[in-house]
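As provided, data-v8.csv (CSV, C-alpha atoms) reads as follows.
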```csv
chain,number,residue,atom,x,y,z
X,83,MET,CA,123.1,114.3,194.3
X,84,LEU,CA,123.0,117.3,192.0
X,85,LYS,CA,120.0,118.2,189.8
X,86,ILE,CA,121.3,119.7,186.6
X,87,LEU,CA,119.1,121.5,184.1
X,88,TYR,CA,119.9,122.6,180.6
X,89,PHE,CA,117.9,125.1,178.6
X,90,ALA,CA,117.4,126.5,175.0
X,91,HIS,CA,120.1,125.6,172.4
X,92,LEU,CA,122.2,123.9,175.1
X,93,ARG,CA,119.3,121.5,175.9
X,94,GLU,CA,118.9,120.8,172.2
X,95,ALA,CA,122.6,120.3,171.6
X,96,LEU,CA,122.9,117.8,174.6
X,97,GLY,CA,119.6,116.1,173.7
X,98,GLN,CA,118.4,116.3,177.3
X,99,GLY,CA,116.9,118.9,179.6
X,100,ASP,CA,117.9,117.6,183.0
X,101,GLU,CA,119.8,114.9,184.9
X,102,ASN,CA,120.6,113.8,188.4
X,103,LEU,CA,124.3,113.5,189.1
X,104,PRO,CA,126.1,112.3,192.3
X,105,LEU,CA,128.3,115.2,193.3
X,106,PRO,CA,131.6,114.3,191.6
X,107,SER,CA,134.7,114.3,193.9
X,108,GLY,CA,136.8,117.4,193.4
X,109,VAL,CA,133.9,119.5,192.0
X,110,GLY,CA,133.4,122.4,194.3
X,111,ASP,CA,132.3,125.2,192.1
X,112,VAL,CA,130.6,126.1,188.8
X,113,ALA,CA,133.9,126.1,186.7
X,114,ALA,CA,134.8,122.7,187.9
X,115,LEU,CA,131.4,121.3,187.1
X,116,ARG,CA,131.6,122.7,183.6
X,117,ARG,CA,135.0,121.0,183.1
X,118,TYR,CA,133.7,117.7,184.5
X,119,LEU,CA,130.7,117.7,182.1
X,120,ALA,CA,132.7,118.9,179.1
X,121,ASP,CA,135.1,115.9,179.7
X,122,ARG,CA,132.2,113.6,178.7
X,123,GLY,CA,133.1,114.5,175.1
X,124,GLY,CA,130.9,114.9,172.0
X,125,PRO,CA,128.3,117.6,172.4
X,126,TRP,CA,129.3,118.2,176.0
X,127,HIS,CA,132.1,120.5,174.8
X,128,HIS,CA,129.3,123.1,174.7
X,129,LEU,CA,129.7,123.4,178.5
X,130,LEU,CA,133.1,125.0,177.9
X,131,THR,CA,132.8,126.6,174.5
X,132,ALA,CA,129.2,128.1,174.4
X,133,ARG,CA,129.5,131.9,174.3
X,134,ASN,CA,128.4,133.7,177.5
X,135,LEU,CA,127.0,130.6,179.1
X,136,ARG,CA,125.0,131.5,182.2
X,137,CYS,CA,124.6,129.4,185.4
X,138,ALA,CA,122.1,129.5,188.2
X,139,ILE,CA,122.4,127.6,191.5
X,140,ASN,CA,119.1,126.9,193.3
X,141,GLN,CA,117.4,129.4,190.9
X,142,GLU,CA,119.7,132.3,191.7
X,143,MET,CA,122.3,133.6,189.1
X,144,ALA,CA,125.8,132.2,189.9
X,145,ARG,CA,129.3,132.9,188.8
X,146,SER,CA,132.2,130.6,187.7
X,147,ASP,CA,133.6,130.6,191.3
X,148,SER,CA,130.2,130.1,193.0
X,149,ALA,CA,130.3,127.1,195.3
X,150,ILE,CA,128.3,124.0,194.5
X,151,ALA,CA,127.2,121.6,197.3
X,152,ASP,CA,125.4,118.3,197.4
X,153,GLY,CA,121.6,118.7,196.9
X,154,ASP,CA,121.9,121.9,194.8
X,155,GLU,CA,119.9,122.5,191.6
X,156,VAL,CA,122.3,123.8,189.0
X,157,ALA,CA,121.1,125.2,185.6
X,158,PHE,CA,123.1,126.1,182.5
X,159,PHE,CA,121.7,128.3,179.8
X,160,PRO,CA,122.5,130.9,177.2
X,161,PRO,CA,121.8,134.7,177.8
X,162,VAL,CA,118.1,135.2,178.2
X,163,THR,CA,115.9,136.6,175.3
X,164,GLY,CA,112.4,137.1,176.8
X,165,GLY,CA,110.1,140.1,176.7
A,69,MET,CA,101.9,142.8,193.0
A,70,SER,CA,101.3,139.9,190.6
A,71,VAL,CA,103.6,137.9,188.3
A,72,ARG,CA,102.1,135.3,186.0
A,73,ILE,CA,103.6,132.9,183.4
A,74,GLN,CA,101.0,131.4,181.1
A,75,GLU,CA,100.4,129.9,177.6
A,76,ALA,CA,97.0,131.6,177.3
A,77,ASP,CA,96.4,135.1,175.9
A,78,PHE,CA,95.4,137.9,178.2
A,79,ASP,CA,92.9,140.7,178.1
A,80,LEU,CA,94.8,143.8,179.3
A,81,GLY,CA,91.5,145.8,179.9
A,82,LYS,CA,90.3,143.1,182.4
A,83,GLU,CA,93.7,143.0,184.0
A,84,LEU,CA,93.9,146.8,184.5
A,85,ALA,CA,90.4,146.8,185.9
A,86,GLU,CA,92.0,145.0,188.9
A,87,PHE,CA,93.7,148.3,189.7
A,88,HIS,CA,90.5,150.2,189.9
A,89,GLY,CA,88.8,150.7,193.2
A,90,ASP,CA,91.9,151.9,195.1
A,91,PRO,CA,91.3,155.6,195.5
A,92,ARG,CA,95.0,156.2,196.1
A,93,ILE,CA,95.9,155.3,192.5
A,94,GLY,CA,96.2,158.4,190.2
A,95,ALA,CA,98.1,156.8,187.3
A,96,VAL,CA,98.3,153.5,185.6
A,97,VAL,CA,101.0,152.8,182.9
A,98,ALA,CA,100.9,149.6,180.8
A,99,PHE,CA,103.3,148.2,178.3
A,100,VAL,CA,102.4,145.4,176.0
A,101,GLY,CA,105.0,143.5,173.8
A,102,LEU,CA,103.9,141.9,170.6
A,103,VAL,CA,105.4,139.3,168.3
A,104,ARG,CA,106.8,141.0,165.1
A,105,ASP,CA,106.8,139.4,161.7
A,106,SER,CA,110.5,140.1,161.0
A,107,ASN,CA,113.8,140.0,163.0
A,108,ASP,CA,117.3,140.4,161.7
A,109,ALA,CA,116.2,140.5,158.1
A,110,ALA,CA,114.3,137.2,158.4
A,111,ARG,CA,110.5,136.7,158.1
A,112,ILE,CA,109.1,135.1,161.3
A,113,LEU,CA,106.4,132.5,160.9
A,114,GLU,CA,106.2,131.4,164.5
A,115,MET,CA,108.0,131.7,167.8
A,116,THR,CA,108.3,129.3,170.8
A,117,LEU,CA,109.0,130.7,174.2
A,118,GLU,CA,110.9,128.4,176.7
A,119,HIS,CA,111.4,129.3,180.4
A,120,TYR,CA,112.8,128.0,183.6
A,121,PRO,CA,109.8,127.2,185.8
A,122,GLY,CA,110.4,128.4,189.3
A,123,MET,CA,113.4,130.6,188.6
A,124,THR,CA,111.4,132.7,186.2
A,125,GLU,CA,108.7,133.6,188.7
A,126,LYS,CA,111.4,134.3,191.4
A,127,ALA,CA,113.4,136.6,189.0
A,128,LEU,CA,110.3,138.5,188.0
A,129,ALA,CA,109.1,138.9,191.7
A,130,ALA,CA,112.6,140.2,192.6
A,131,ILE,CA,112.5,142.7,189.8
A,132,VAL,CA,109.0,144.0,190.8
A,133,SER,CA,110.2,144.1,194.4
A,134,GLU,CA,113.2,146.3,193.4
A,135,ALA,CA,110.9,148.6,191.5
A,136,GLY,CA,108.8,149.0,194.6
A,137,GLN,CA,111.9,150.0,196.6
A,138,ARG,CA,113.0,152.5,194.0
A,139,TRP,CA,109.7,154.2,193.2
A,140,SER,CA,106.5,154.9,195.1
A,141,ILE,CA,104.2,152.5,193.4
A,142,ILE,CA,101.0,151.0,194.7
A,143,ASP,CA,100.6,147.9,192.5
A,144,ALA,CA,102.3,146.1,189.6
A,145,LEU,CA,101.5,143.3,187.2
A,146,VAL,CA,103.7,141.2,184.9
A,147,ILE,CA,102.3,138.7,182.6
A,148,HIS,CA,104.6,136.7,180.2
A,149,ARG,CA,103.3,134.1,177.8
A,150,VAL,CA,105.2,130.9,176.9
A,151,GLY,CA,104.7,128.2,174.3
A,152,ARG,CA,104.0,128.8,170.6
A,153,LEU,CA,103.2,132.4,169.4
A,154,ARG,CA,102.6,134.0,166.0
A,155,PRO,CA,103.2,137.5,164.7
A,156,THR,CA,100.8,140.0,166.1
A,157,ASP,CA,100.3,137.9,169.3
A,158,ARG,CA,100.7,139.5,172.7
A,159,ILE,CA,103.7,138.1,174.4
A,160,VAL,CA,104.3,140.3,177.5
A,161,ALA,CA,102.5,142.9,179.6
A,162,VAL,CA,103.9,145.1,182.4
A,163,ALA,CA,101.5,147.4,184.2
A,164,VAL,CA,102.2,149.7,187.1
A,165,ALA,CA,99.8,151.7,189.3
A,166,ALA,CA,101.0,154.7,191.4
A,167,GLU,CA,99.8,157.9,192.8
A,168,HIS,CA,101.5,159.9,190.1
A,169,ARG,CA,102.5,159.1,186.5
A,170,GLY,CA,106.3,159.7,186.9
A,171,ALA,CA,106.8,156.7,189.2
A,172,ALA,CA,104.4,154.6,187.1
A,173,PHE,CA,106.3,155.3,183.8
A,174,ASP,CA,109.8,154.9,185.4
A,175,ALA,CA,109.0,151.7,187.3
A,176,GLY,CA,107.3,150.2,184.2
A,177,GLU,CA,110.3,150.8,182.0
A,178,PHE,CA,112.6,149.5,184.7
A,179,ILE,CA,110.6,146.3,185.0
A,180,ILE,CA,110.6,145.5,181.2
A,181,ASP,CA,114.2,146.5,180.8
A,182,GLN,CA,115.3,144.2,183.7
A,183,LEU,CA,113.0,141.4,182.5
A,184,LYS,CA,114.8,141.3,179.2
A,185,THR,CA,118.2,140.6,180.7
A,186,ARG,CA,117.4,138.8,184.0
A,187,ALA,CA,114.2,136.6,183.6
A,188,PRO,CA,115.1,133.2,182.2
A,189,PHE,CA,113.1,133.1,179.0
A,190,TRP,CA,114.4,132.0,175.6
A,191,LYS,CA,112.9,132.6,172.1
A,192,ARG,CA,113.2,130.1,169.3
A,193,GLU,CA,112.1,131.6,166.0
A,194,LEU,CA,110.8,129.6,163.0
A,195,THR,CA,111.7,131.7,159.9
A,196,THR,CA,111.2,131.1,156.2
A,197,ALA,CA,114.9,130.1,156.3
A,198,GLY,CA,114.5,127.6,159.2
A,199,ALA,CA,114.5,127.6,163.0
A,200,ARG,CA,117.0,129.5,165.2
A,201,TRP,CA,117.4,130.5,168.8
A,202,VAL,CA,117.3,134.3,169.2
A,203,GLU,CA,120.6,135.9,170.2
A,204,ALA,CA,120.7,138.2,173.2
A,205,ARG,CA,120.9,141.9,172.2
A,206,GLU,CA,123.6,144.2,173.4
A,207,THR,CA,121.1,147.1,173.3
A,208,ASP,CA,118.9,145.2,175.8
A,209,GLU,CA,121.9,144.8,178.1
A,210,GLN,CA,122.6,148.5,177.9
A,211,ALA,CA,119.0,149.3,178.6
A,212,SER,CA,119.1,147.2,181.7
A,213,GLU,CA,122.5,148.5,182.9
A,214,ARG,CA,121.6,152.2,182.6
A,215,TRP,CA,119.3,151.8,185.7
A,216,GLN,CA,122.3,151.0,187.8
A,217,MET,CA,123.5,154.6,187.4
A,218,GLY,CA,120.2,156.3,188.1
```
Entire entry expressed as structure tokens:
Amino acid sequence: MLKILYFAHLREALGQGDENLPLPSGVGDVAALRRYLADRGGPWHHLLTARNLRCAINQEMARSDSAIADGDEVAFFPPVTGG
Amino acid sequence: MSVRIQEADFDLGKELAEFHGDPRIGAVVAFVGLVRDSNDAARILEMTLEHYPGMTEKALAAIVSEAGQRWSIIDALVIHRVGRLRPTDRIVAVAVAAEHRGAAFDAGEFIIDQLKTRAPFWKRELTTAGARWVEARETDEQASERWQMG
């Protein structure tokens, strides 16, 4: 099972802040997970089209080719704007 | 070294008093960020700060730890507020204690520059024209990156 979190305008666009998802077969990295989620259609296209979308795996910044494994916490969010 | 995320306001005088009593400390530098009433030509009525609980604390602790490796500092404090804030409210504080002022100034500037590009916070502004998520600034990215060359 993956725990997936969405923040800021992405959370608003999707209408949800988190979900649990059984690791889909064939999804081994961040890029593949983004494609899998975007294939849901509707607002999920944001996973592919959002500008500069960031991803963290287990609360560490990740890249498109970072590996995803069962049990991971994966978060998607726009560039940060704190301070 | 201390990192705190909180909705409540803070009293910087009280926070800095925590640094007193260590006779090695010769310099304390503090930065406080406030909510402005205008941004990108819009009038700001209110702001809401969202964060990623858990990762935010980890990211800030990592930044403070890096500052401790680069400069000779004795103590550091980061406080960042979340939730609803209004213009003139305090939003963030960074304070660094060191033997000498040079390390305290540099480490403090490093911490706030890195916080702005690496700590998962997001600002949503309520302006007179409606609500909007704040866009990341290229100038903040440049301010963060310049430390890589130093």
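You can rank X:Arg133, X:His128, X:Arg122, X:Arg145 by their closest distance to Leu92 of chain X using only C-alpha atoms, and at the top of that list sits X:His128.
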When distances are computed from all atoms listed in the file, which of X:Val109, X:Leu115, X:Ala151, X:Ala157 shows the smallest separation from Ile86 of chain X?
X:Ala157
Mind giving me the straight-line distance from atom CA of Arg158 of chain A to atom CA of Thr207 of chain A in Å, one decimal?
21.8 Å
Based on all atoms listed in the file, which of the residues in chain A come within 9 Å of chain X? I want them as a PyMOL selection string.
chain A and resi 101-102+117-120+122-124+126-127+148+159-161+180-181+183-192+200-205
Rounded to one decimal in Å, what is the spacing between atom CA of Trp126 of chain X and atom CA of Leu96 of chain X?
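Here the two named atoms are 6.6 Å from each other.
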Residues around (131.3, 130.6, 190.2), cut-off 8 Å, counting only C-alpha atoms - what are they as a VMD selection string?
chain X and resid 111 to 113 144 to 149
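As for atom CA of Asp152 of chain X and atom CA of Leu105 of chain X, they are spaced 5.9 Å apart.
Closest approach to Glu125 of chain A from the set A:Val71, A:Ala76, A:Ala85, A:Ala109 is made by A:Val71, with distances taken over only C-alpha atoms.
Using all atoms listed in the file, the nearest neighbour of Ala172 of chain A within the list A:Arg138, A:Arg111, A:Arg104, A:Arg72 is A:Arg138.
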Calculated over only C-alpha atoms, which of the candidates A:Glu193, A:Glu86, A:Glu209, A:Glu134 has the smallest distance to Arg154 of chain A?
A:Glu193
Please complete segment 89-100 of chain A with all heavy atoms and give it back as a compact mmCIF listing (two decimals), in the frame of the given file.
```txt
# COMPACT_ATOMS: atom_id res chain seq x y z
N GLY A 89 89.39 150.94 191.87
CA GLY A 89 88.80 150.70 193.20
C GLY A 89 89.71 151.11 194.31
O GLY A 89 89.28 151.14 195.46
N ASP A 90 90.98 151.39 194.01
CA ASP A 90 91.90 151.90 195.10
C ASP A 90 92.02 153.38 194.84
O ASP A 90 92.66 153.82 193.89
CB ASP A 90 93.25 151.18 194.91
CG ASP A 90 94.20 151.59 196.03
OD1 ASP A 90 94.05 152.72 196.57
OD2 ASP A 90 95.11 150.81 196.35
N PRO A 91 91.39 154.17 195.71
CA PRO A 91 91.30 155.60 195.50
C PRO A 91 92.69 156.33 195.60
O PRO A 91 92.79 157.51 195.26
CB PRO A 91 90.34 156.12 196.52
CG PRO A 91 90.39 155.09 197.59
CD PRO A 91 90.68 153.79 196.93
N ARG A 92 93.71 155.61 196.03
CA ARG A 92 95.00 156.20 196.10
C ARG A 92 95.67 156.33 194.70
O ARG A 92 96.56 157.13 194.44
CB ARG A 92 95.99 155.43 196.99
CG ARG A 92 95.59 155.39 198.45
CD ARG A 92 96.51 154.43 199.19
NE ARG A 92 96.43 153.08 198.60
CZ ARG A 92 97.35 152.13 198.75
NH1 ARG A 92 98.45 152.39 199.45
NH2 ARG A 92 97.19 150.96 198.22
N ILE A 93 95.22 155.44 193.79
CA ILE A 93 95.90 155.30 192.50
C ILE A 93 95.44 156.50 191.57
O ILE A 93 94.25 156.70 191.33
CB ILE A 93 95.53 153.99 191.80
CG1 ILE A 93 96.15 152.84 192.61
CG2 ILE A 93 96.02 153.96 190.36
CD1 ILE A 93 95.75 151.46 192.12
N GLY A 94 96.44 157.26 191.09
CA GLY A 94 96.20 158.40 190.20
C GLY A 94 96.70 158.12 188.79
O GLY A 94 96.41 158.87 187.86
N ALA A 95 97.52 157.07 188.62
CA ALA A 95 98.10 156.80 187.30
C ALA A 95 98.35 155.32 187.13
O ALA A 95 98.81 154.63 188.03
CB ALA A 95 99.50 157.53 187.23
N VAL A 96 98.00 154.84 185.95
CA VAL A 96 98.30 153.50 185.60
C VAL A 96 99.01 153.51 184.23
O VAL A 96 98.52 154.10 183.27
CB VAL A 96 97.02 152.60 185.44
CG1 VAL A 96 97.37 151.20 184.93
CG2 VAL A 96 96.29 152.51 186.78
N VAL A 97 100.22 152.91 184.17
CA VAL A 97 101.00 152.80 182.90
C VAL A 97 101.11 151.37 182.55
O VAL A 97 101.47 150.54 183.39
CB VAL A 97 102.37 153.46 183.09
CG1 VAL A 97 103.26 153.12 181.89
CG2 VAL A 97 102.26 154.98 183.23
N ALA A 98 100.81 151.05 181.27
CA ALA A 98 100.90 149.60 180.80
C ALA A 98 101.73 149.55 179.56
O ALA A 98 101.64 150.41 178.68
CB ALA A 98 99.50 149.09 180.58
N PHE A 99 102.54 148.52 179.49
CA PHE A 99 103.30 148.20 178.30
C PHE A 99 102.90 146.82 177.82
O PHE A 99 102.77 145.89 178.63
CB PHE A 99 104.82 148.18 178.62
CG PHE A 99 105.67 147.54 177.56
CD1 PHE A 99 106.08 148.26 176.45
CD2 PHE A 99 106.04 146.20 177.65
CE1 PHE A 99 106.84 147.66 175.44
CE2 PHE A 99 106.79 145.60 176.66
CZ PHE A 99 107.20 146.33 175.56
N VAL A 100 102.70 146.68 176.52
CA VAL A 100 102.40 145.40 176.00
C VAL A 100 103.41 145.09 174.83
O VAL A 100 103.60 145.94 173.95
CB VAL A 100 100.97 145.28 175.38
CG1 VAL A 100 100.73 143.92 174.74
CG2 VAL A 100 99.96 145.54 176.48
```
